[in-house]
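Participant: Just so it is clear, I am handing over structure.csv, which has CSV, C-alpha atoms.
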chain,number,residue,atom,x,y,z
A,1282,MET,CA,19.4,-20.9,-2.5
A,1283,THR,CA,16.1,-22.6,-3.3
A,1284,LEU,CA,12.8,-22.0,-4.9
A,1285,ASN,CA,11.1,-22.1,-1.4
A,1286,LEU,CA,8.7,-19.3,-0.7
A,1287,VAL,CA,9.5,-16.8,2.1
A,1288,LYS,CA,6.9,-15.0,4.2
A,1289,PHE,CA,7.0,-11.4,5.2
A,1290,GLU,CA,4.7,-9.1,7.1
A,1291,PRO,CA,1.8,-8.0,4.9
A,1292,GLY,CA,1.7,-4.4,3.8
A,1293,THR,CA,5.5,-3.9,4.4
A,1294,PHE,CA,8.1,-3.4,1.7
A,1295,ILE,CA,10.8,-5.8,0.7
A,1296,GLU,CA,13.9,-5.4,-1.5
A,1297,ILE,CA,14.2,-8.3,-3.9
A,1298,THR,CA,16.2,-9.2,-7.0
A,1299,ASP,CA,14.4,-8.7,-10.3
A,1300,THR,CA,14.6,-12.0,-12.2
A,1301,MET,CA,14.8,-10.6,-15.7
A,1302,LYS,CA,17.3,-7.8,-15.2
A,1303,GLY,CA,19.1,-8.6,-12.0
A,1304,PHE,CA,18.7,-5.2,-10.2
A,1305,ARG,CA,17.3,-4.9,-6.7
A,1306,LYS,CA,13.8,-3.4,-6.5
A,1307,LEU,CA,11.4,-2.3,-3.8
A,1308,ALA,CA,8.1,-4.2,-3.7
A,1309,VAL,CA,5.0,-4.4,-1.4
A,1310,VAL,CA,4.1,-7.6,0.3
A,1311,THR,CA,0.5,-8.8,-0.3
A,1312,ASP,CA,-2.0,-9.9,2.4
A,1313,GLY,CA,-0.9,-13.5,2.1
A,1314,GLY,CA,2.7,-12.6,3.0
A,1315,ASP,CA,4.4,-14.8,0.4
A,1316,MET,CA,3.8,-12.7,-2.7
A,1317,TYR,CA,4.6,-9.2,-3.8
A,1318,PHE,CA,3.6,-6.5,-6.2
A,1319,ASP,CA,6.3,-4.5,-7.9
A,1320,ALA,CA,4.0,-2.4,-10.0
A,1321,ALA,CA,0.8,-0.5,-9.4
A,1322,ASP,CA,-0.9,-0.6,-12.7
A,1323,LYS,CA,-4.2,-2.5,-13.4
A,1324,THR,CA,-2.4,-5.4,-15.0
A,1325,ALA,CA,0.2,-5.9,-12.2
A,1326,THR,CA,0.7,-9.5,-11.2
A,1327,PRO,CA,1.5,-10.6,-7.7
A,1328,PHE,CA,4.8,-12.7,-7.8
A,1329,PRO,CA,5.9,-15.3,-5.4
A,1330,ILE,CA,8.7,-14.3,-3.0
A,1331,TYR,CA,11.3,-16.9,-3.8
A,1332,GLU,CA,14.2,-17.4,-1.3
A,1333,ALA,CA,16.6,-17.5,-4.4
A,1334,LEU,CA,15.8,-13.8,-5.1
A,1335,GLU,CA,17.3,-12.9,-1.7
A,1336,PRO,CA,14.3,-10.9,-0.4
A,1337,GLN,CA,15.0,-8.6,2.6
A,1338,SER,CA,12.5,-6.7,4.7
A,1339,VAL,CA,12.9,-2.9,4.6
A,1340,GLY,CA,9.8,-1.8,6.6
A,1341,ASN,CA,7.5,0.9,5.3
A,1342,SER,CA,7.0,4.7,5.3
A,1343,LEU,CA,5.7,4.6,8.9
A,1344,SER,CA,8.8,2.8,10.2
A,1345,TRP,CA,11.2,4.9,8.2
A,1346,GLY,CA,9.6,8.1,9.5
A,1347,LEU,CA,9.5,6.9,13.1
A,1348,GLU,CA,13.1,5.6,13.0
A,1349,LEU,CA,14.1,9.1,12.0
A,1350,ALA,CA,11.9,10.7,14.8
A,1351,ASP,CA,13.9,8.4,17.2
A,1352,LYS,CA,17.4,9.1,15.9
A,1353,ASN,CA,17.4,12.1,13.7
A,1354,PRO,CA,14.6,14.7,14.5
A,1355,ALA,CA,15.8,17.2,11.9
A,1356,GLU,CA,15.5,14.6,9.1
A,1357,HIS,CA,12.1,13.4,10.5
A,1358,LYS,CA,10.7,16.8,9.8
A,1359,GLN,CA,12.1,16.9,6.3
A,1360,PHE,CA,10.9,13.3,5.7
A,1361,GLY,CA,7.3,14.2,6.8
A,1362,GLU,CA,7.2,17.2,4.4
A,1363,LEU,CA,8.6,15.1,1.5
A,1364,HIS,CA,6.0,12.3,2.3
A,1365,THR,CA,3.1,14.8,2.2
A,1366,ARG,CA,4.3,16.3,-1.1
A,1367,LEU,CA,4.8,12.9,-2.7
A,1368,VAL,CA,1.4,11.6,-1.7
A,1369,GLU,CA,-0.2,14.8,-3.0
A,1370,SER,CA,1.7,14.4,-6.3
A,1371,GLY,CA,-0.8,11.6,-7.2
A,1372,ALA,CA,2.1,9.2,-8.0
A,1373,ASP,CA,1.4,5.5,-7.3
A,1374,THR,CA,2.3,4.2,-3.9
A,1375,LEU,CA,5.2,2.1,-5.2
A,1376,THR,CA,6.8,5.2,-6.7
A,1377,VAL,CA,6.1,7.2,-3.6
A,1378,ASN,CA,7.8,4.6,-1.4
A,1379,ARG,CA,10.7,4.1,-3.7
A,1380,ALA,CA,11.3,7.9,-3.6
A,1381,LEU,CA,11.0,7.9,0.2
A,1382,TYR,CA,13.4,5.0,0.6
A,1383,TRP,CA,15.9,6.6,-1.7
A,1384,ALA,CA,15.7,9.8,0.4
A,1385,VAL,CA,16.2,7.9,3.7
A,1386,GLN,CA,19.1,6.0,2.4
A,1387,ASN,CA,20.8,9.0,0.9
A,1388,HIS,CA,19.8,11.5,3.6
A,1389,ILE,CA,18.5,13.8,0.8
A,1390,TYR,CA,14.9,15.0,1.2
A,1391,ASP,CA,14.8,17.3,-1.9
A,1392,TYR,CA,11.4,16.7,-3.5
A,1393,SER,CA,12.5,16.8,-7.1
A,1394,ARG,CA,15.5,14.6,-6.6
A,1395,ALA,CA,13.7,12.0,-4.5
A,1396,PHE,CA,10.7,11.9,-6.9
A,1397,ALA,CA,13.1,11.6,-9.9
A,1398,ALA,CA,14.8,8.6,-8.1
A,1399,GLY,CA,11.4,7.0,-7.4
A,1400,LYS,CA,10.2,7.4,-10.9
A,1401,ALA,CA,13.5,6.0,-12.3
A,1402,ALA,CA,13.2,3.0,-10.0
A,1403,SER,CA,9.6,2.4,-11.2
A,1404,GLY,CA,10.7,2.8,-14.8
A,1405,GLU,CA,13.4,0.1,-14.3
A,1406,VAL,CA,10.7,-2.3,-13.1
A,1407,ALA,CA,8.4,-1.4,-16.0
A,1408,ALA,CA,11.2,-2.0,-18.5
A,1409,SER,CA,11.8,-5.5,-16.9
A,1410,ARG,CA,8.1,-6.2,-17.1
A,1411,THR,CA,8.0,-5.1,-20.8
A,1412,MET,CA,10.9,-7.5,-21.5
A,1413,MET,CA,9.0,-10.3,-19.8
A,1414,ASP,CA,5.8,-9.6,-21.6
A,1415,ASN,CA,7.5,-9.4,-25.0
A,1416,ILE,CA,9.1,-12.8,-24.4
A,1417,ILE,CA,5.6,-14.2,-23.5
A,1418,ALA,CA,4.0,-12.6,-26.5
A,1419,ARG,CA,6.7,-14.2,-28.8
A,1420,GLY,CA,6.1,-17.6,-27.2
A,1421,ALA,CA,2.3,-17.2,-27.7
A,1422,ASN,CA,2.9,-16.8,-31.5
A,1423,ALA,CA,4.8,-20.1,-31.8
B,1174,MET,CA,-11.8,23.2,28.1
B,1175,ASP,CA,-8.6,23.0,26.1
B,1176,GLN,CA,-8.4,26.2,24.1
B,1177,ARG,CA,-6.5,24.5,21.3
B,1178,SER,CA,-9.1,21.9,20.6
B,1179,THR,CA,-11.2,22.6,17.5
B,1180,PRO,CA,-14.9,23.3,18.4
B,1181,MET,CA,-17.2,20.4,17.5
B,1182,GLN,CA,-19.2,22.5,15.1
B,1183,ALA,CA,-16.1,23.6,13.1
B,1184,THR,CA,-14.8,20.0,13.1
B,1185,ARG,CA,-18.1,18.7,11.7
B,1186,GLU,CA,-18.3,21.4,9.0
B,1187,LYS,CA,-14.7,20.6,7.9
B,1188,ILE,CA,-15.6,16.9,7.8
B,1189,GLU,CA,-18.7,17.5,5.8
B,1190,GLN,CA,-16.8,19.7,3.3
B,1191,GLY,CA,-14.3,16.9,3.0
B,1192,LEU,CA,-17.1,14.4,2.3
B,1193,LEU,CA,-18.7,16.7,-0.2
B,1194,ALA,CA,-15.4,17.1,-2.1
B,1195,LYS,CA,-14.4,13.5,-2.5
B,1196,PHE,CA,-16.6,11.1,-0.6
B,1197,GLY,CA,-16.5,7.6,-1.9
B,1198,GLU,CA,-14.3,8.2,-5.0
B,1199,ALA,CA,-11.4,6.1,-3.8
B,1200,TYR,CA,-13.8,3.3,-2.7
B,1201,GLU,CA,-15.4,3.2,-6.1
B,1202,LYS,CA,-12.1,3.2,-8.0
B,1203,ALA,CA,-10.9,0.4,-5.7
B,1204,ALA,CA,-14.0,-1.6,-6.4
B,1205,GLU,CA,-13.5,-1.3,-10.1
B,1206,GLN,CA,-9.9,-2.4,-9.8
B,1207,ALA,CA,-10.8,-5.4,-7.6
B,1208,GLN,CA,-13.3,-6.5,-10.1
B,1209,SER,CA,-10.9,-6.1,-13.0
B,1210,ILE,CA,-8.5,-8.5,-11.4
B,1211,ALA,CA,-10.9,-11.3,-12.2
B,1212,ASP,CA,-10.6,-10.6,-15.9
B,1213,PRO,CA,-9.6,-13.9,-17.6
B,1214,ALA,CA,-7.0,-12.3,-20.0
B,1215,ARG,CA,-5.4,-10.6,-17.1
B,1216,ARG,CA,-5.2,-13.9,-15.1
B,1217,GLU,CA,-3.8,-15.7,-18.1
B,1218,LEU,CA,-1.1,-13.1,-18.5
B,1219,GLY,CA,-0.3,-13.4,-14.7
B,1220,ALA,CA,0.0,-17.2,-15.0
B,1221,ALA,CA,2.4,-16.9,-17.9
B,1222,ARG,CA,4.5,-14.3,-16.1
B,1223,ILE,CA,4.8,-16.6,-13.1
B,1224,ALA,CA,5.6,-19.7,-15.2
B,1225,LEU,CA,8.3,-17.7,-17.1
B,1226,GLU,CA,9.9,-16.4,-13.9
B,1227,HIS,CA,9.8,-19.8,-12.3
B,1228,ALA,CA,11.5,-21.4,-15.4
B,1229,VAL,CA,14.2,-18.6,-15.5
B,1230,LEU,CA,14.9,-19.1,-11.8
B,1231,GLN,CA,15.0,-22.9,-12.1
B,1232,THR,CA,17.4,-22.8,-15.0
B,1233,ALA,CA,19.6,-20.2,-13.3
B,1234,LEU,CA,19.9,-22.4,-10.2
B,1235,GLU,CA,20.5,-25.6,-12.2
B,1236,LYS,CA,23.2,-24.0,-14.4
B,1237,ASP,CA,24.6,-21.7,-11.7
B,1238,LEU,CA,24.0,-18.6,-13.8
B,1239,PRO,CA,22.7,-15.2,-12.9
B,1240,THR,CA,18.9,-15.0,-13.6
B,1241,LYS,CA,19.4,-12.0,-15.9
B,1242,SER,CA,21.8,-14.1,-18.1
B,1243,VAL,CA,19.1,-16.7,-18.6
B,1244,ALA,CA,16.5,-14.0,-19.3
B,1245,ALA,CA,18.9,-12.3,-21.9
B,1246,MET,CA,19.3,-15.7,-23.7
B,1247,LEU,CA,15.6,-16.1,-23.7
B,1248,ASP,CA,15.1,-12.7,-25.1
B,1249,LYS,CA,17.0,-13.8,-28.2
B,1250,ALA,CA,15.4,-17.3,-28.4
B,1251,SER,CA,12.9,-18.4,-31.1
B,1252,PRO,CA,9.1,-18.3,-30.5
B,1253,GLN,CA,9.1,-22.2,-30.3
B,1254,GLN,CA,11.9,-22.2,-27.8
B,1255,VAL,CA,10.1,-19.6,-25.7
B,1256,ALA,CA,6.9,-21.5,-25.8
B,1257,HIS,CA,8.7,-24.7,-24.7
B,1258,PHE,CA,10.4,-22.8,-21.9
B,1259,ILE,CA,7.1,-21.5,-20.5
B,1260,ARG,CA,5.5,-25.0,-20.7
B,1261,GLU,CA,8.5,-26.3,-18.8
B,1262,GLY,CA,8.0,-23.5,-16.3
B,1263,ARG,CA,4.4,-24.7,-15.7
B,1264,LYS,CA,5.7,-28.3,-15.2
B,1265,SER,CA,8.4,-27.1,-12.8
B,1266,VAL,CA,5.8,-25.3,-10.8
B,1267,GLN,CA,3.9,-28.6,-10.6
B,1268,ARG,CA,7.1,-30.5,-9.5
B,1269,THR,CA,8.0,-27.9,-6.9
B,1270,TYR,CA,4.7,-27.6,-5.3
B,1271,GLY,CA,3.2,-31.0,-6.0
B,1272,VAL,CA,-0.1,-29.8,-7.3
B,1273,ASP,CA,-1.6,-29.4,-10.8
B,1274,ALA,CA,0.5,-26.7,-12.4
B,1275,GLY,CA,-2.4,-24.9,-14.0
B,1276,ALA,CA,-4.2,-24.7,-10.7
B,1277,MET,CA,-1.1,-23.6,-8.9
B,1278,VAL,CA,-0.3,-20.9,-11.4
B,1279,ALA,CA,-3.9,-19.7,-11.3
B,1280,ALA,CA,-3.9,-19.7,-7.5
B,1281,LEU,CA,-0.7,-17.9,-7.3
B,1282,SER,CA,-1.3,-15.3,-10.0
B,1283,ALA,CA,-4.9,-14.7,-9.1
B,1284,GLN,CA,-4.6,-15.0,-5.3
B,1285,VAL,CA,-6.3,-11.6,-5.0
B,1286,ALA,CA,-9.0,-12.4,-7.6
B,1287,ASN,CA,-10.2,-15.7,-6.0
B,1288,VAL,CA,-10.8,-14.2,-2.7
B,1289,ASP,CA,-13.7,-12.2,-1.3
B,1290,LEU,CA,-14.1,-8.6,-2.3
B,1291,PRO,CA,-12.7,-6.9,0.9
B,1292,ARG,CA,-9.5,-8.9,0.6
B,1293,GLY,CA,-9.2,-8.0,-3.1
B,1294,MET,CA,-10.1,-4.5,-2.3
B,1295,ALA,CA,-7.3,-4.1,0.3
B,1296,GLN,CA,-4.8,-5.1,-2.4
B,1297,THR,CA,-5.8,-2.4,-4.8
B,1298,GLU,CA,-3.7,0.7,-5.5
B,1299,SER,CA,-6.6,3.0,-4.5
B,1300,MET,CA,-6.7,1.4,-1.0
B,1301,ARG,CA,-2.9,1.5,-0.8
B,1302,GLN,CA,-3.1,5.2,-1.4
B,1303,LEU,CA,-5.5,5.7,1.4
B,1304,VAL,CA,-3.3,3.6,3.7
B,1305,GLU,CA,-0.2,5.6,2.6
B,1306,GLN,CA,-1.8,8.9,3.4
B,1307,GLY,CA,-2.8,7.6,6.8
B,1308,ARG,CA,0.7,6.3,7.6
B,1309,GLY,CA,2.2,9.7,6.8
B,1310,LEU,CA,-0.2,11.4,9.3
B,1311,VAL,CA,0.5,8.8,12.0
B,1312,GLY,CA,4.2,9.3,11.5
B,1313,GLN,CA,4.0,13.0,11.8
B,1314,ALA,CA,1.8,12.9,14.9
B,1315,VAL,CA,3.9,10.4,16.9
B,1316,GLY,CA,7.2,11.9,15.7
B,1317,GLU,CA,6.2,15.4,16.9
B,1318,LEU,CA,4.8,14.2,20.2
B,1319,TYR,CA,8.1,12.4,20.8
B,1320,GLN,CA,10.1,15.6,20.2
B,1321,THR,CA,8.1,17.5,22.8
B,1322,ARG,CA,7.7,14.8,25.4
B,1323,GLY,CA,8.2,16.0,28.9
B,1324,GLN,CA,7.5,19.6,28.0
B,1325,PHE,CA,4.8,21.6,29.8
B,1326,ASP,CA,2.9,24.8,29.3
B,1327,HIS,CA,2.3,27.0,32.3
B,1328,GLY,CA,-1.3,28.0,32.9
B,1329,GLY,CA,-0.5,31.7,33.4
B,1330,PRO,CA,0.8,34.1,36.0
B,1331,ARG,CA,-2.2,33.6,38.3
B,1332,THR,CA,-2.1,29.9,38.5
B,1333,ASP,CA,0.3,27.1,39.4
B,1334,PHE,CA,-1.3,24.7,36.9
B,1335,VAL,CA,0.8,23.2,34.1
B,1336,THR,CA,-0.4,21.1,31.2
B,1337,SER,CA,1.5,18.8,29.0
B,1338,ARG,CA,2.4,20.5,25.8
B,1339,THR,CA,1.0,19.2,22.5
B,1340,PRO,CA,2.7,20.7,19.4
B,1341,GLU,CA,0.6,22.3,16.7
B,1342,GLY,CA,2.0,19.9,14.1
B,1343,ALA,CA,0.8,16.9,16.1
B,1344,LEU,CA,-2.6,18.4,16.7
B,1345,SER,CA,-3.0,19.2,13.0
B,1346,ALA,CA,-1.8,15.7,11.9
B,1347,THR,CA,-4.2,14.1,14.4
B,1348,GLU,CA,-7.1,16.2,13.2
B,1349,GLN,CA,-6.3,15.3,9.5
B,1350,LEU,CA,-5.9,11.7,10.5
B,1351,LYS,CA,-9.3,11.6,12.2
B,1352,ASN,CA,-10.9,13.1,9.0
B,1353,HIS,CA,-9.1,10.6,6.9
B,1354,MET,CA,-10.4,7.7,8.9
B,1355,VAL,CA,-13.9,9.1,8.9
B,1356,PHE,CA,-13.7,9.3,5.1
B,1357,ILE,CA,-12.6,5.6,4.9
B,1358,GLU,CA,-15.1,4.3,7.4
B,1359,SER,CA,-18.0,6.3,5.8
B,1360,ALA,CA,-17.2,4.9,2.4
B,1361,VAL,CA,-17.2,1.4,3.6
B,1362,ASP,CA,-20.4,1.9,5.6
B,1363,TYR,CA,-22.1,3.2,2.4
B,1364,ALA,CA,-20.9,0.1,0.5
B,1365,VAL,CA,-22.5,-2.0,3.2
B,1366,ARG,CA,-25.8,-0.1,3.2
B,1367,SER,CA,-26.0,-0.2,-0.6
B,1368,GLY,CA,-25.5,-3.9,-0.6
B,1369,LYS,CA,-22.0,-4.0,-2.3
B,1370,MET,CA,-20.7,-6.0,0.6
B,1371,ASP,CA,-22.2,-7.5,3.8
B,1372,ALA,CA,-21.6,-6.1,7.3
B,1373,THR,CA,-18.9,-8.7,8.1
B,1374,GLN,CA,-17.0,-8.0,5.0
B,1375,GLY,CA,-17.2,-4.3,5.6
B,1376,GLN,CA,-15.9,-4.7,9.1
B,1377,MET,CA,-13.0,-6.9,7.8
B,1378,LEU,CA,-12.1,-4.2,5.3
B,1379,LYS,CA,-12.1,-1.5,7.9
B,1380,ASP,CA,-10.0,-3.6,10.3
B,1381,ARG,CA,-7.5,-4.3,7.6
B,1382,ILE,CA,-7.1,-0.7,6.6
B,1383,GLU,CA,-6.9,0.5,10.2
B,1384,HIS,CA,-4.3,-2.2,11.0
B,1385,GLN,CA,-2.1,-1.1,8.0
B,1386,VAL,CA,-2.4,2.6,8.8
B,1387,PHE,CA,-1.5,2.3,12.5
B,1388,THR,CA,0.8,-0.7,12.7
B,1389,THR,CA,4.5,-0.2,12.6
B,1390,PRO,CA,6.4,-3.2,11.1
B,1391,ALA,CA,7.6,-5.6,13.7
B,1392,ASP,CA,11.3,-5.3,12.7
B,1393,ALA,CA,11.4,-1.4,12.9
B,1394,LYS,CA,14.7,-0.4,14.5
B,1395,PHE,CA,13.8,1.7,17.5
B,1396,SER,CA,15.8,2.6,20.6
B,1397,PRO,CA,14.4,1.2,23.8
B,1398,GLN,CA,13.3,4.7,24.9
B,1399,PHE,CA,11.5,5.4,21.6
B,1400,LYS,CA,9.9,1.9,21.6
B,1401,SER,CA,8.5,2.4,25.0
B,1402,PHE,CA,7.1,5.8,24.0
B,1403,HIS,CA,5.7,4.5,20.8
B,1404,ASP,CA,4.0,1.5,22.4
B,1405,LYS,CA,2.2,3.8,24.7
B,1406,VAL,CA,1.5,6.9,22.6
B,1407,GLY,CA,0.9,5.0,19.3
B,1408,GLN,CA,-1.8,2.9,20.9
B,1409,ARG,CA,-3.4,6.0,22.6
B,1410,LEU,CA,-3.4,7.9,19.4
B,1411,LYS,CA,-5.1,5.1,17.6
B,1412,GLY,CA,-7.7,4.8,20.3
B,1413,GLU,CA,-8.4,8.5,20.3
B,1414,VAL,CA,-8.5,8.9,16.6
B,1415,MET,CA,-10.8,5.9,16.0
B,1416,THR,CA,-13.1,6.7,18.9
B,1417,GLU,CA,-13.6,10.2,17.5
B,1418,ALA,CA,-13.8,9.1,13.9
B,1419,ARG,CA,-16.6,6.6,14.8
B,1420,LYS,CA,-18.5,9.2,16.7
B,1421,VAL,CA,-18.6,11.3,13.6
B,1422,THR,CA,-19.3,8.4,11.3
B,1423,ASN,CA,-22.2,7.3,13.4
B,1424,ASN,CA,-23.5,10.9,13.5
B,1425,LYS,CA,-26.9,10.9,11.8
B,1426,THR,CA,-26.5,14.2,9.9
B,1427,VAL,CA,-23.2,13.2,8.4
B,1428,ALA,CA,-24.5,9.7,7.5
B,1429,GLU,CA,-27.5,11.4,5.8
B,1430,ILE,CA,-25.4,13.8,3.8
B,1431,ALA,CA,-23.1,10.9,2.7
B,1432,GLU,CA,-26.1,8.8,1.7
B,1433,ARG,CA,-27.5,11.6,-0.5
B,1434,LEU,CA,-24.1,12.2,-2.1
B,1435,HIS,CA,-23.8,8.5,-2.9
B,1436,GLU,CA,-27.3,8.3,-4.3
B,1437,ALA,CA,-26.7,11.3,-6.5
B,1438,ARG,CA,-23.4,9.7,-7.7
B,1439,ASP,CA,-25.1,6.4,-8.4
B,1440,ARG,CA,-27.8,8.2,-10.4
B,1441,VAL,CA,-25.3,10.1,-12.5
B,1442,GLN,CA,-23.3,6.9,-13.2
B,1443,LYS,CA,-26.4,5.1,-14.3
B,1444,MET,CA,-27.4,8.0,-16.5
B,1445,ARG,CA,-23.9,8.1,-18.1
B,1446,ALA,CA,-24.0,4.3,-18.6
B,1447,SER,CA,-27.4,4.5,-20.3
B,1448,LEU,CA,-26.2,7.3,-22.5
B,1449,ASP,CA,-23.0,5.3,-23.4
B,1450,ARG,CA,-25.2,2.4,-24.4
B,1451,GLY,CA,-27.5,4.6,-26.4
As a first step, turn the structure in this file into structure tokens.
Facilitator:
Amino acid sequence: MTLNLVKFEPGTFIEITDTMKGFRKLAVVTDGGDMYFDAADKTATPFPIYEALEPQSVGNSLSWGLELADKNPAEHKQFGELHTRLVESGADTLTVNRALYWAVQNHIYDYSRAFAAGKAASGEVAASRTMMDNIIARGANA
Amino acid sequence: MDQRSTPMQATREKIEQGLLAKFGEAYEKAAEQAQSIADPARRELGAARIALEHAVLQTALEKDLPTKSVAAMLDKASPQQVAHFIREGRKSVQRTYGVDAGAMVAALSAQVANVDLPRGMAQTESMRQLVEQGRGLVGQAVGELYQTRGQFDHGGPRTDFVTSRTPEGALSATEQLKNHMVFIESAVDYAVRSGKMDATQGQMLKDRIEHQVFTTPADAKFSPQFKSFHDKVGQRLKGEVMTEARKVTNNKTVAEIAERLHEARDRVQKMRASLDRG
């Protein structure tokens, strides 16, 4: 494992280890291909995609939906309905995609459960970022 | 004429109503976000985050520890130790990439801020929301077309004609997708006409969004049969939707309505700003 940067297809999602807390998180690849966003707020920072964090490509909502259309038509329909409801909820795109990814992995397309899972995943990222920012703030006071 | 196709007038009215309801809002929000990325405090915070992450990773690799263990230790360290750690992180960035650490950190953290507006715009959450909505509609249209492939409707008892069957869900998703792309293209066109970006930048932004909405990731796991269908139908859908969308976007009446709406919005915003200052 190295600190080399790894490139992915812009606009797709990757699963990558969170440095501060060690969990796996879903993040969106930026236009340059070697950085990612894991939060959608105005202060979000694009982070480098280090090989050491074991990034893996997981596609995006278009490929998840079409893979279901190919192999599981019944789930494709449920996925489409869930996608529409999540987008209409006004949630940020990272939470929407985390909810959708959870649904696809668990074959559960219940809106409340998927949305709760998406929000929990985004909350985990926010907690990690708070930890990071608190450490930085302490260092700034030295 | 296909009885299921929406008459042109009704389509135009629907599009105009859509424009009246929300035209340009997403674009304006995205422009604000793109500009806020250049905020110096925000860039400094980004640089510190990247330096800290780099130092944690470097230490974890050197000491063969999980990164979260290093982070947990750091969480309990003194302010002086933390400050030293972040400084080391900046140096480590310099060693790893062979360039001035400050410049590297700034370049990494502010990659989206140091580039031209359309590139920064495409990275904003507002633009990602527009892309996400479009992807959902593309997925619905292609998926439903695949389910009914090879099915035909008979023209009636007095004819031998058969036509390929297009499911209602696919028709509806295609129609919504067309309106959605009209909305995006019109917003960018207005930005160009009002001098917020030049024509080349506007075209780049449109291309970027269009690519992200319609392009399936290269490593999608499709069966050979689906892949062949998707390669053909996906391209055709994109061609049809974008041709239709541009017809509407280039329509003089729609452009004039959009123009008036934007001018009205600009006037209201200027008025609010002057009231806020007062």
Participant: Check the smallest atom-to-atom distance from each of B:Ser1345, B:Ser1251, B:Ser1367, B:Ser1242 to Ile1416 in chain A using all atoms listed in the file, then report the winner.
Facilitator: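 For Ile1416 in chain A, the nearest of the candidates is B:Ser1251.
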Participant: Which residues are close to Lys1302 in chain A, i.e. within 10 Å by only C-alpha atoms, leaving aside same-chain residues fewer than 4 positions away? Reply as a PDB file with C-alpha atoms, keeping the file's coordinate frame.
Facilitator:
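Heads up, here's the output in around02.pdb:
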ATOM      1  CA  THR A1298      16.200  -9.200  -7.000  1.00  0.00           C
ATOM      2  CA  GLU A1405      13.400   0.100 -14.300  1.00  0.00           C
ATOM      3  CA  VAL A1406      10.700  -2.300 -13.100  1.00  0.00           C
ATOM      4  CA  ALA A1408      11.200  -2.000 -18.500  1.00  0.00           C
ATOM      5  CA  SER A1409      11.800  -5.500 -16.900  1.00  0.00           C
ATOM      6  CA  ARG A1410       8.100  -6.200 -17.100  1.00  0.00           C
ATOM      7  CA  MET A1412      10.900  -7.500 -21.500  1.00  0.00           C
ATOM      8  CA  MET A1413       9.000 -10.300 -19.800  1.00  0.00           C
TER       9      MET A1413
ATOM     10  CA  PRO B1239      22.700 -15.200 -12.900  1.00  0.00           C
ATOM     11  CA  THR B1240      18.900 -15.000 -13.600  1.00  0.00           C
ATOM     12  CA  LYS B1241      19.400 -12.000 -15.900  1.00  0.00           C
ATOM     13  CA  SER B1242      21.800 -14.100 -18.100  1.00  0.00           C
ATOM     14  CA  VAL B1243      19.100 -16.700 -18.600  1.00  0.00           C
ATOM     15  CA  ALA B1244      16.500 -14.000 -19.300  1.00  0.00           C
ATOM     16  CA  ALA B1245      18.900 -12.300 -21.900  1.00  0.00           C
TER      17      ALA B1245
END
Participant: I need the chain A residues near chain B as a ChimeraX atom specification; criterion: at most 8 Å, counting all atoms listed in the file.
Facilitator: /A:1282-1284,1290,1292-1293,1300-1303,1311-1312,1321-1329,1333,1340-1348,1350-1351,1354,1357-1358,1361,1364-1365,1368,1373-1374,1412-1414,1416-1417,1419-1423
Participant: Based on the selection just made, write C-alpha atoms of those residues as a compact mmCIF listing (two decimals), in the frame of the given file.
Facilitator:
# COMPACT_ATOMS: atom_id res chain seq x y z
CA MET A 1282 19.40 -20.90 -2.50
CA THR A 1283 16.10 -22.60 -3.30
CA LEU A 1284 12.80 -22.00 -4.90
CA GLU A 1290 4.70 -9.10 7.10
CA GLY A 1292 1.70 -4.40 3.80
CA THR A 1293 5.50 -3.90 4.40
CA THR A 1300 14.60 -12.00 -12.20
CA MET A 1301 14.80 -10.60 -15.70
CA LYS A 1302 17.30 -7.80 -15.20
CA GLY A 1303 19.10 -8.60 -12.00
CA THR A 1311 0.50 -8.80 -0.30
CA ASP A 1312 -2.00 -9.90 2.40
CA ALA A 1321 0.80 -0.50 -9.40
CA ASP A 1322 -0.90 -0.60 -12.70
CA LYS A 1323 -4.20 -2.50 -13.40
CA THR A 1324 -2.40 -5.40 -15.00
CA ALA A 1325 0.20 -5.90 -12.20
CA THR A 1326 0.70 -9.50 -11.20
CA PRO A 1327 1.50 -10.60 -7.70
CA PHE A 1328 4.80 -12.70 -7.80
CA PRO A 1329 5.90 -15.30 -5.40
CA ALA A 1333 16.60 -17.50 -4.40
CA GLY A 1340 9.80 -1.80 6.60
CA ASN A 1341 7.50 0.90 5.30
CA SER A 1342 7.00 4.70 5.30
CA LEU A 1343 5.70 4.60 8.90
CA SER A 1344 8.80 2.80 10.20
CA TRP A 1345 11.20 4.90 8.20
CA GLY A 1346 9.60 8.10 9.50
CA LEU A 1347 9.50 6.90 13.10
CA GLU A 1348 13.10 5.60 13.00
CA ALA A 1350 11.90 10.70 14.80
CA ASP A 1351 13.90 8.40 17.20
CA PRO A 1354 14.60 14.70 14.50
CA HIS A 1357 12.10 13.40 10.50
CA LYS A 1358 10.70 16.80 9.80
CA GLY A 1361 7.30 14.20 6.80
CA HIS A 1364 6.00 12.30 2.30
CA THR A 1365 3.10 14.80 2.20
CA VAL A 1368 1.40 11.60 -1.70
CA ASP A 1373 1.40 5.50 -7.30
CA THR A 1374 2.30 4.20 -3.90
CA MET A 1412 10.90 -7.50 -21.50
CA MET A 1413 9.00 -10.30 -19.80
CA ASP A 1414 5.80 -9.60 -21.60
CA ILE A 1416 9.10 -12.80 -24.40
CA ILE A 1417 5.60 -14.20 -23.50
CA ARG A 1419 6.70 -14.20 -28.80
CA GLY A 1420 6.10 -17.60 -27.20
CA ALA A 1421 2.30 -17.20 -27.70
CA ASN A 1422 2.90 -16.80 -31.50
CA ALA A 1423 4.80 -20.10 -31.80
